[in-house]
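Shown below: model-v1.pdb, with PDB, C-alpha atoms.
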MODEL        1
ATOM      1  CA  MET A   1      22.814  27.910  -5.259
ATOM      2  CA  GLU A   2      22.323  24.199  -5.639
ATOM      3  CA  ILE A   3      20.899  23.853  -2.145
ATOM      4  CA  LEU A   4      18.311  26.468  -3.039
ATOM      5  CA  TYR A   5      17.140  24.306  -5.955
ATOM      6  CA  ALA A   6      16.859  21.318  -3.638
ATOM      7  CA  VAL A   7      14.800  23.284  -1.120
ATOM      8  CA  LEU A   8      12.590  24.795  -3.815
ATOM      9  CA  VAL A   9      11.976  21.510  -5.622
ATOM     10  CA  LEU A  10      11.209  19.512  -2.479
ATOM     11  CA  GLY A  11       9.186  22.298  -0.899
ATOM     12  CA  GLY A  12       7.220  22.953  -4.052
ATOM     13  CA  LEU A  13       6.590  19.277  -4.608
ATOM     14  CA  GLY A  14       5.468  18.760  -1.035
ATOM     15  CA  PHE A  15       3.170  21.747  -1.192
ATOM     16  CA  GLY A  16       1.710  20.752  -4.569
ATOM     17  CA  LEU A  17       1.088  17.147  -3.607
ATOM     18  CA  GLY A  18      -0.375  18.183  -0.257
ATOM     19  CA  PHE A  19      -2.775  20.500  -2.025
ATOM     20  CA  LEU A  20      -3.727  17.701  -4.430
ATOM     21  CA  ILE A  21      -4.486  15.362  -1.508
ATOM     22  CA  LEU A  22      -6.625  18.096   0.029
ATOM     23  CA  LEU A  23      -8.609  18.393  -3.204
ATOM     24  CA  VAL A  24      -9.054  14.615  -3.502
ATOM     25  CA  ASP A  25     -10.138  14.433   0.128
ATOM     26  CA  LYS A  26     -12.710  17.185  -0.408
ATOM     27  CA  TYR A  27     -14.062  15.549  -3.527
ATOM     28  CA  PHE A  28     -14.216  11.980  -2.215
ATOM     29  CA  HIS A  29     -15.166  12.791   1.361
ATOM     30  CA  VAL A  30     -16.974   9.993   3.222
ATOM     31  CA  GLU A  31     -19.427  10.860   5.972
ATOM     32  CA  GLU A  32     -18.479   9.053   9.162
ATOM     33  CA  ASP A  33     -19.985   8.636  12.575
ATOM     34  CA  PRO A  34     -18.832  11.791  14.445
ATOM     35  CA  SER A  35     -18.497   9.795  17.682
ATOM     36  CA  ILE A  36     -15.494   7.935  16.128
ATOM     37  CA  ASP A  37     -13.541  11.190  16.091
ATOM     38  CA  GLU A  38     -14.640  11.988  19.641
ATOM     39  CA  VAL A  39     -13.378   8.628  20.896
ATOM     40  CA  VAL A  40     -10.099   9.067  18.994
ATOM     41  CA  GLU A  41      -9.686  12.403  20.828
ATOM     42  CA  LEU A  42      -9.905  10.543  24.145
ATOM     43  CA  LEU A  43      -7.343   7.901  23.142
ATOM     44  CA  PRO A  44      -3.587   8.690  23.367
ATOM     45  CA  ARG A  45      -3.288   8.827  19.530
ATOM     46  CA  TYR A  46       0.143   7.185  19.558
ATOM     47  CA  ASN A  47      -1.032   4.573  17.009
ATOM     48  CA  CYS A  48       1.197   2.109  18.875
ATOM     49  CA  GLY A  49      -0.932  -0.925  18.045
ATOM     50  CA  ALA A  50      -0.612  -2.437  21.540
ATOM     51  CA  CYS A  51      -4.401  -2.913  21.647
ATOM     52  CA  GLY A  52      -4.291  -5.260  18.680
ATOM     53  CA  TYR A  53      -5.775  -2.768  16.240
ATOM     54  CA  PRO A  54      -3.631  -1.122  13.527
ATOM     55  CA  GLY A  55      -4.214   2.357  14.957
ATOM     56  CA  CYS A  56      -6.221   4.489  17.363
ATOM     57  CA  LYS A  57      -8.960   5.097  14.810
ATOM     58  CA  GLU A  58      -9.562   1.376  14.282
ATOM     59  CA  MET A  59      -9.528   0.926  18.069
ATOM     60  CA  ALA A  60     -12.167   3.670  18.397
ATOM     61  CA  ILE A  61     -14.374   1.913  15.840
ATOM     62  CA  GLY A  62     -13.897  -1.321  17.775
ATOM     63  CA  LEU A  63     -14.818   0.409  21.054
ATOM     64  CA  LEU A  64     -17.999   1.820  19.560
ATOM     65  CA  LYS A  65     -18.956  -1.613  18.239
ATOM     66  CA  LYS A  66     -18.260  -3.073  21.723
ATOM     67  CA  GLU A  67     -15.642  -5.361  20.146
ATOM     68  CA  ALA A  68     -12.848  -3.818  22.197
ATOM     69  CA  LYS A  69     -12.519  -2.952  25.871
ATOM     70  CA  PRO A  70     -11.066   0.409  27.007
ATOM     71  CA  ASP A  71      -8.322  -1.295  29.081
ATOM     72  CA  GLN A  72      -6.914  -2.898  25.910
ATOM     73  CA  CYS A  73      -5.216   0.456  25.391
ATOM     74  CA  LYS A  74      -1.818   0.156  27.106
ATOM     75  CA  PRO A  75      -0.312   3.670  27.075
ATOM     76  CA  ILE A  76      -3.479   5.496  28.177
ATOM     77  CA  LYS A  77      -3.299   7.499  31.450
ATOM     78  CA  GLN A  78      -5.603   6.632  34.361
ATOM     79  CA  GLU A  79      -7.599   9.895  34.210
ATOM     80  CA  ALA A  80      -8.024   9.594  30.462
ATOM     81  CA  LEU A  81      -9.157   5.994  30.843
ATOM     82  CA  ALA A  82     -11.841   7.056  33.333
ATOM     83  CA  GLU A  83     -12.980   9.767  30.957
ATOM     84  CA  LEU A  84     -13.098   7.311  28.064
ATOM     85  CA  ARG A  85     -15.181   4.864  30.143
ATOM     86  CA  LYS A  86     -17.559   7.688  31.069
ATOM     87  CA  TYR A  87     -17.925   8.747  27.436
ATOM     88  CA  LEU A  88     -18.614   5.206  26.263
ATOM     89  CA  ASP A  89     -21.173   4.576  29.033
ATOM     90  CA  ASN A  90     -22.960   7.797  28.088
ATOM     91  CA  HIS A  91     -22.821   6.870  24.421
ATOM     92  CA  PHE A  92     -24.254   3.411  24.897
ATOM     93  CA  ASN A  93     -26.958   4.624  27.324
ATOM     94  CA  GLN A  94     -28.079   7.287  24.878
ATOM     95  CA  ASN A  95     -28.387   4.839  22.015
ATOM     96  CA  LYS A  96     -30.426   2.326  23.973
TER      97      LYS A  96
ATOM     98  CA  MET B   1       7.725  -2.526 -31.403
ATOM     99  CA  SER B   2       9.343  -5.919 -30.897
ATOM    100  CA  ASP B   3      11.586  -4.298 -28.302
ATOM    101  CA  LEU B   4       8.508  -3.250 -26.369
ATOM    102  CA  ILE B   5       7.028  -6.745 -26.566
ATOM    103  CA  THR B   6      10.287  -8.217 -25.291
ATOM    104  CA  LEU B   7      10.336  -5.653 -22.490
ATOM    105  CA  ALA B   8       6.733  -6.429 -21.585
ATOM    106  CA  PHE B   9       7.351 -10.171 -21.556
ATOM    107  CA  THR B  10      10.513  -9.727 -19.508
ATOM    108  CA  ALA B  11       8.706  -7.571 -16.982
ATOM    109  CA  PHE B  12       5.727  -9.904 -16.803
ATOM    110  CA  ILE B  13       7.375 -13.311 -16.418
ATOM    111  CA  VAL B  14      11.158 -13.397 -16.720
ATOM    112  CA  GLU B  15      11.906 -10.605 -14.261
ATOM    113  CA  ASN B  16       8.765 -11.073 -12.212
ATOM    114  CA  ILE B  17       8.909  -8.507  -9.435
ATOM    115  CA  ILE B  18       7.874 -10.897  -6.655
ATOM    116  CA  LEU B  19       9.391 -14.225  -7.606
ATOM    117  CA  THR B  20      12.705 -13.252  -9.211
ATOM    118  CA  LYS B  21      13.423  -9.775  -7.811
ATOM    119  CA  PHE B  22      11.848 -10.523  -4.403
ATOM    120  CA  LEU B  23      10.312  -7.063  -4.082
ATOM    121  CA  GLY B  24       6.845  -6.534  -2.643
ATOM    122  CA  ILE B  25       6.918  -9.624  -0.452
ATOM    123  CA  CYS B  26       4.871  -7.982   2.327
ATOM    124  CA  PRO B  27       1.533  -7.848   0.472
ATOM    125  CA  PHE B  28       2.433 -11.102  -1.298
ATOM    126  CA  LEU B  29       2.292 -12.959   2.018
ATOM    127  CA  GLY B  30      -0.077 -10.631   3.848
ATOM    128  CA  VAL B  31      -3.058 -10.197   1.533
ATOM    129  CA  SER B  32      -2.987 -13.494  -0.382
ATOM    130  CA  LYS B  33      -5.368 -15.469   1.794
ATOM    131  CA  LYS B  34      -8.376 -14.688  -0.390
ATOM    132  CA  ARG B  35      -8.545 -14.259  -4.154
ATOM    133  CA  SER B  36     -10.775 -11.184  -3.979
ATOM    134  CA  SER B  37      -8.478  -9.235  -1.656
ATOM    135  CA  ALA B  38      -5.404 -10.378  -3.612
ATOM    136  CA  LEU B  39      -6.953  -8.976  -6.771
ATOM    137  CA  GLY B  40      -7.970  -5.754  -5.040
ATOM    138  CA  MET B  41      -4.478  -5.287  -3.646
ATOM    139  CA  GLY B  42      -3.018  -6.051  -7.065
ATOM    140  CA  LEU B  43      -5.179  -3.424  -8.738
ATOM    141  CA  ALA B  44      -4.294  -0.823  -6.081
ATOM    142  CA  VAL B  45      -0.596  -1.594  -6.617
ATOM    143  CA  LEU B  46      -1.053  -1.461 -10.414
ATOM    144  CA  PHE B  47      -2.531   2.016 -10.115
ATOM    145  CA  VAL B  48       0.168   3.264  -7.756
ATOM    146  CA  ILE B  49       3.072   1.746  -9.726
ATOM    147  CA  LEU B  50       1.799   3.016 -13.081
ATOM    148  CA  ILE B  51       1.087   6.583 -11.993
ATOM    149  CA  SER B  52       4.148   6.875  -9.752
ATOM    150  CA  SER B  53       6.528   5.593 -12.466
ATOM    151  CA  MET B  54       5.188   8.110 -14.963
ATOM    152  CA  VAL B  55       5.312  11.011 -12.505
ATOM    153  CA  THR B  56       8.757  10.092 -11.178
ATOM    154  CA  TRP B  57      10.150   9.647 -14.709
ATOM    155  CA  VAL B  58       8.990  13.115 -15.741
ATOM    156  CA  LEU B  59      10.233  14.639 -12.489
ATOM    157  CA  TYR B  60      13.614  12.937 -12.800
ATOM    158  CA  LYS B  61      14.235  13.787 -16.459
ATOM    159  CA  TYR B  62      12.917  17.329 -16.521
ATOM    160  CA  VAL B  63      13.436  18.634 -12.991
ATOM    161  CA  LEU B  64      16.115  16.711 -11.135
ATOM    162  CA  GLU B  65      18.448  16.117 -14.089
ATOM    163  CA  SER B  66      18.195  19.583 -15.554
ATOM    164  CA  LEU B  67      18.903  21.149 -12.148
ATOM    165  CA  SER B  68      21.593  18.469 -11.516
ATOM    166  CA  ILE B  69      20.180  17.544  -8.140
ATOM    167  CA  THR B  70      19.738  13.846  -8.922
ATOM    168  CA  TYR B  71      20.876  12.946  -5.405
ATOM    169  CA  LEU B  72      17.356  13.924  -4.302
ATOM    170  CA  ARG B  73      15.984  10.995  -6.309
ATOM    171  CA  THR B  74      15.024   8.712  -3.435
ATOM    172  CA  ILE B  75      13.308  11.314  -1.273
ATOM    173  CA  VAL B  76      11.399  12.845  -4.192
ATOM    174  CA  PHE B  77      10.221   9.409  -5.343
ATOM    175  CA  ILE B  78       9.078   8.477  -1.851
ATOM    176  CA  LEU B  79       7.193  11.777  -1.560
ATOM    177  CA  VAL B  80       5.353  11.106  -4.823
ATOM    178  CA  ILE B  81       4.555   7.497  -3.901
ATOM    179  CA  ALA B  82       3.332   8.393  -0.397
ATOM    180  CA  SER B  83       0.940  11.041  -1.676
ATOM    181  CA  LEU B  84      -0.371   8.722  -4.385
ATOM    182  CA  VAL B  85      -1.091   6.002  -1.844
ATOM    183  CA  GLN B  86      -2.895   8.537   0.315
ATOM    184  CA  MET B  87      -5.081   9.446  -2.645
ATOM    185  CA  VAL B  88      -5.776   5.802  -3.485
ATOM    186  CA  GLU B  89      -6.815   5.281   0.118
ATOM    187  CA  ILE B  90      -9.308   8.162   0.083
ATOM    188  CA  PHE B  91     -10.539   7.013  -3.309
ATOM    189  CA  LEU B  92     -11.060   3.372  -2.251
ATOM    190  CA  LYS B  93     -12.803   4.399   0.961
ATOM    191  CA  LYS B  94     -15.390   6.186  -1.140
ATOM    192  CA  ILE B  95     -15.667   3.732  -4.043
ATOM    193  CA  SER B  96     -15.388   0.365  -2.307
ATOM    194  CA  PRO B  97     -15.579   0.358   1.519
ATOM    195  CA  ALA B  98     -15.608  -3.470   1.537
ATOM    196  CA  LEU B  99     -12.271  -3.650  -0.274
ATOM    197  CA  TYR B 100     -10.939  -0.841   1.935
ATOM    198  CA  LYS B 101     -11.767  -2.949   4.978
ATOM    199  CA  ALA B 102     -10.357  -6.161   3.480
ATOM    200  CA  LEU B 103      -7.018  -4.546   2.645
ATOM    201  CA  GLY B 104      -6.816  -2.899   6.070
ATOM    202  CA  ILE B 105      -3.330  -1.921   7.119
ATOM    203  CA  TYR B 106      -1.789  -3.254   3.874
ATOM    204  CA  LEU B 107      -3.247  -0.358   1.923
ATOM    205  CA  PRO B 108      -1.214   2.410   3.618
ATOM    206  CA  LEU B 109       1.696  -0.031   3.581
ATOM    207  CA  ILE B 110       1.873   0.269  -0.224
ATOM    208  CA  THR B 111       3.809   3.434   0.633
ATOM    209  CA  THR B 112       6.664   1.325   1.906
ATOM    210  CA  ASN B 113       6.136  -1.416  -0.670
ATOM    211  CA  CYS B 114       9.595  -1.739  -2.161
ATOM    212  CA  ALA B 115       8.102  -2.875  -5.485
ATOM    213  CA  VAL B 116       6.751   0.631  -6.123
ATOM    214  CA  LEU B 117      10.005   2.453  -5.377
ATOM    215  CA  GLY B 118      11.887  -0.418  -7.032
ATOM    216  CA  VAL B 119      10.087   0.003 -10.366
ATOM    217  CA  ALA B 120      10.517   3.793 -10.279
ATOM    218  CA  ILE B 121      14.267   3.440  -9.718
ATOM    219  CA  LEU B 122      14.695   0.558 -12.197
ATOM    220  CA  ASN B 123      13.123   2.737 -14.894
ATOM    221  CA  ILE B 124      15.779   5.380 -14.286
ATOM    222  CA  ASN B 125      18.670   2.941 -13.922
ATOM    223  CA  ASN B 126      17.757   1.084 -17.138
ATOM    224  CA  ASN B 127      17.487   4.390 -19.064
ATOM    225  CA  HIS B 128      13.940   3.703 -20.202
ATOM    226  CA  SER B 129      12.156   6.171 -22.463
ATOM    227  CA  PHE B 130       8.711   7.358 -21.399
ATOM    228  CA  VAL B 131       6.879   4.735 -23.478
ATOM    229  CA  GLU B 132       9.165   2.010 -22.153
ATOM    230  CA  THR B 133       8.507   3.241 -18.623
ATOM    231  CA  VAL B 134       4.751   2.928 -19.107
ATOM    232  CA  VAL B 135       5.066  -0.548 -20.639
ATOM    233  CA  TYR B 136       7.543  -1.743 -18.024
ATOM    234  CA  ALA B 137       5.513  -0.390 -15.093
ATOM    235  CA  SER B 138       2.219  -1.816 -16.311
ATOM    236  CA  PHE B 139       3.613  -5.264 -17.085
ATOM    237  CA  ILE B 140       5.574  -5.447 -13.842
ATOM    238  CA  SER B 141       2.351  -4.750 -11.963
ATOM    239  CA  LEU B 142       0.375  -7.183 -14.134
ATOM    240  CA  GLY B 143       3.005  -9.772 -13.226
ATOM    241  CA  PHE B 144       2.486  -8.802  -9.594
ATOM    242  CA  ILE B 145      -1.286  -9.347  -9.908
ATOM    243  CA  PHE B 146      -0.731 -12.623 -11.791
ATOM    244  CA  VAL B 147       1.539 -14.088  -9.114
ATOM    245  CA  MET B 148      -0.637 -12.773  -6.262
ATOM    246  CA  TYR B 149      -3.680 -14.410  -7.840
ATOM    247  CA  ILE B 150      -1.961 -17.767  -8.418
ATOM    248  CA  PHE B 151      -0.641 -17.716  -4.871
ATOM    249  CA  ALA B 152      -4.075 -16.823  -3.436
ATOM    250  CA  MET B 153      -5.673 -19.686  -5.382
ATOM    251  CA  ILE B 154      -3.104 -22.133  -4.023
ATOM    252  CA  ARG B 155      -3.576 -20.820  -0.485
ATOM    253  CA  GLU B 156      -7.352 -21.161  -0.731
ATOM    254  CA  LYS B 157      -6.859 -24.816  -1.716
ATOM    255  CA  LEU B 158      -4.302 -25.284   1.065
ATOM    256  CA  ASP B 159      -6.937 -24.345   3.622
ATOM    257  CA  TYR B 160      -8.819 -27.538   2.806
ATOM    258  CA  SER B 161      -5.766 -29.766   2.430
ATOM    259  CA  PRO B 162      -4.456 -32.101   5.118
ATOM    260  CA  VAL B 163      -1.325 -30.118   5.972
ATOM    261  CA  PRO B 164       0.773 -31.399   8.933
ATOM    262  CA  LYS B 165       0.042 -29.328  12.024
ATOM    263  CA  ALA B 166       3.544 -27.843  12.217
ATOM    264  CA  PHE B 167       3.260 -26.519   8.645
ATOM    265  CA  LYS B 168      -0.263 -25.074   8.854
ATOM    266  CA  GLY B 169      -0.715 -21.444   7.808
ATOM    267  CA  THR B 170       2.327 -19.358   6.985
ATOM    268  CA  PRO B 171       5.042 -22.092   6.896
ATOM    269  CA  ILE B 172       3.379 -24.041   4.083
ATOM    270  CA  ALA B 173       2.659 -20.757   2.283
ATOM    271  CA  LEU B 174       6.375 -19.914   2.407
ATOM    272  CA  ILE B 175       7.250 -23.348   1.008
ATOM    273  CA  VAL B 176       4.744 -22.834  -1.817
ATOM    274  CA  ALA B 177       6.275 -19.411  -2.488
ATOM    275  CA  ALA B 178       9.727 -20.989  -2.679
ATOM    276  CA  ILE B 179       8.551 -23.619  -5.177
ATOM    277  CA  LEU B 180       6.882 -20.897  -7.271
ATOM    278  CA  ALA B 181      10.133 -18.907  -7.196
ATOM    279  CA  ILE B 182      12.089 -21.981  -8.393
ATOM    280  CA  ILE B 183       9.647 -22.381 -11.295
ATOM    281  CA  PHE B 184       9.923 -18.708 -12.226
ATOM    282  CA  SER B 185      13.718 -18.699 -12.025
ATOM    283  CA  ARG B 186      13.709 -21.159 -14.955
ATOM    284  CA  PHE B 187      12.059 -18.581 -17.211
ATOM    285  CA  GLY B 188      15.385 -16.726 -17.124
ATOM    286  CA  GLY B 189      16.720 -18.757 -20.057
ATOM    287  CA  ILE B 190      13.971 -17.763 -22.505
ATOM    288  CA  ILE B 191      15.312 -14.351 -23.490
TER     289      ILE B 191
ENDMDL
END

So, in terms of structure tokens, how does the structure I just supplied come out?
Amino acid sequence: MEILYAVLVLGGLGFGLGFLILLVDKYFHVEEDPSIDEVVELLPRYNCGACGYPGCKEMAIGLLKKEAKPDQCKPIKQEALAELRKYLDNHFNQNK
Amino acid sequence: MSDLITLAFTAFIVENIILTKFLGICPFLGVSKKRSSALGMGLAVLFVILISSMVTWVLYKYVLESLSITYLRTIVFILVIASLVQMVEIFLKKISPALYKALGIYLPLITTNCAVLGVAILNINNNHSFVETVVYASFISLGFIFVMYIFAMIREKLDYSPVPKAFKGTPIALIVAAILAIIFSRFGGII
């Protein structure tokens, strides 16, 4: 019986707090450059920090500002790296 | 009332969370290079500590104790703290993007800031009432802001001081922190 309480309390709490975060996120949503998300999709999303940025999202912002180079990412696969380069070239050519 | 004042004073100076309990050292060294970011970090921590202590106190007294599952204390407290930090992050991103950028990785790291969990658990261990919890949590975090601000001021001055090359940066900051801790340890005799 006691284990049921534990499961219910933790599960309920997790669900409630998750819902609260969802509400806060909806209410305080910040519009961002959609290309940041697209670059994050192309990165490995391990958030390993080997590139020198705290996470893949920060790395993506750095890439789009031309502060970072794609090969700073250590765990990325060769094909993905080529794709990332292609995307960034396209992106920068379009915005010229 | 005088009990509360004693508690507040103890939390603020005598049992200062950074310099006598040595909790929350990570932001103390990490975000104290500039006064503005030290203050911003302090205010974020104040918010998280205050809200999380109140929420965890209520949860502990009315849910965990009445169901006699107090062994879940740590995990429940961490869950509450983590979600609060997440909310603060979303909130700051909207309200003050500059501060959000200045705090960087240290903002999500409040989750693992031992000062936050430390205060929540100390409130339970010391059998504080709800009012005492609020007073204790707010003055502990005010003490946190106070020490962060002093330390940031000293570090700003240190940048322009002729420090020997071997001591430049973090080493001299650690020495300053040690001297501050020695000063604060002497407040122990007041009460």

Selection result for the PyMOL selection byres ((chain A) within 7 of (chain B)) on this file, as a count of residues only: 9

Atomic separation - CA of Val131 (chain B) relative to CA of Phe22 (chain B), Å: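 If I compute the distance from CA of Phe22 (chain B) to CA of Val131 (chain B), I get 24.9 Å.
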
Nearest candidate to Leu158 (chain B) (options B:Ala181, B:Ile172, B:Leu142, B:Ala115; using all atoms listed in the file):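 Answer, going by the shortest atom-to-atom distance: B:Ile172.
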
Resolved residues for the PyMOL selection byres ((chain B and resi 38) around 10) as a PyMOL selection string: chain B and resi 27-37+39-44+102-103+145-153

Residues within 12 Å of (8.3, -1.2, -1.0), counting only C-alpha atoms, listed as a ChimeraX atom specification: /B:17-18,22-28,45,48-49,77-78,81-82,85,106-121

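Separating CA of Ser96 (chain B) from CA of Ile61 (chain A) is a distance of 18.2 Å.
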
Point-to-point distance in Å for CA of Asp89 (chain A) and CA of Ile36 (chain A): 14.5 Å

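This file gives the following result for the PyMOL selection byres ((chain A and resi 90-94) around 10): A:Ser35, A:Leu64, A:Lys65, A:Lys66, A:Leu84, A:Arg85, A:Lys86, A:Tyr87, A:Leu88, A:Asp89, A:Asn95, A:Lys96.
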
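Closest approach to Ala82 (chain A) from the set A:Met1, A:Ala50, A:Leu43, A:Ala60 is made by A:Leu43, with distances taken over all atoms listed in the file.
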
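Within 8 Å of region 135-138 of chain B, once all atoms listed in the file are used and residues closer than 5 positions along the same chain are dropped, the contacting residues are Leu4, Leu7, Ala8, Ala11, Leu46, Ile49, Leu50, Ser53, Val119 and Asn123 of chain B.
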
Polymer residues at most 9 Å from (-7.9, 1.5, 25.3) by only C-alpha atoms, as number ranges by chain: A: 43-44, 51, 56, 59-60, 63, 68-76, 81, 84

Option closest in space to Lys77 (chain A), from A:Leu42, A:Glu32, A:Glu58, A:Asn47 [counting only C-alpha atoms]: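 Using only C-alpha atoms, Lys77 (chain A) sits closest to A:Leu42.
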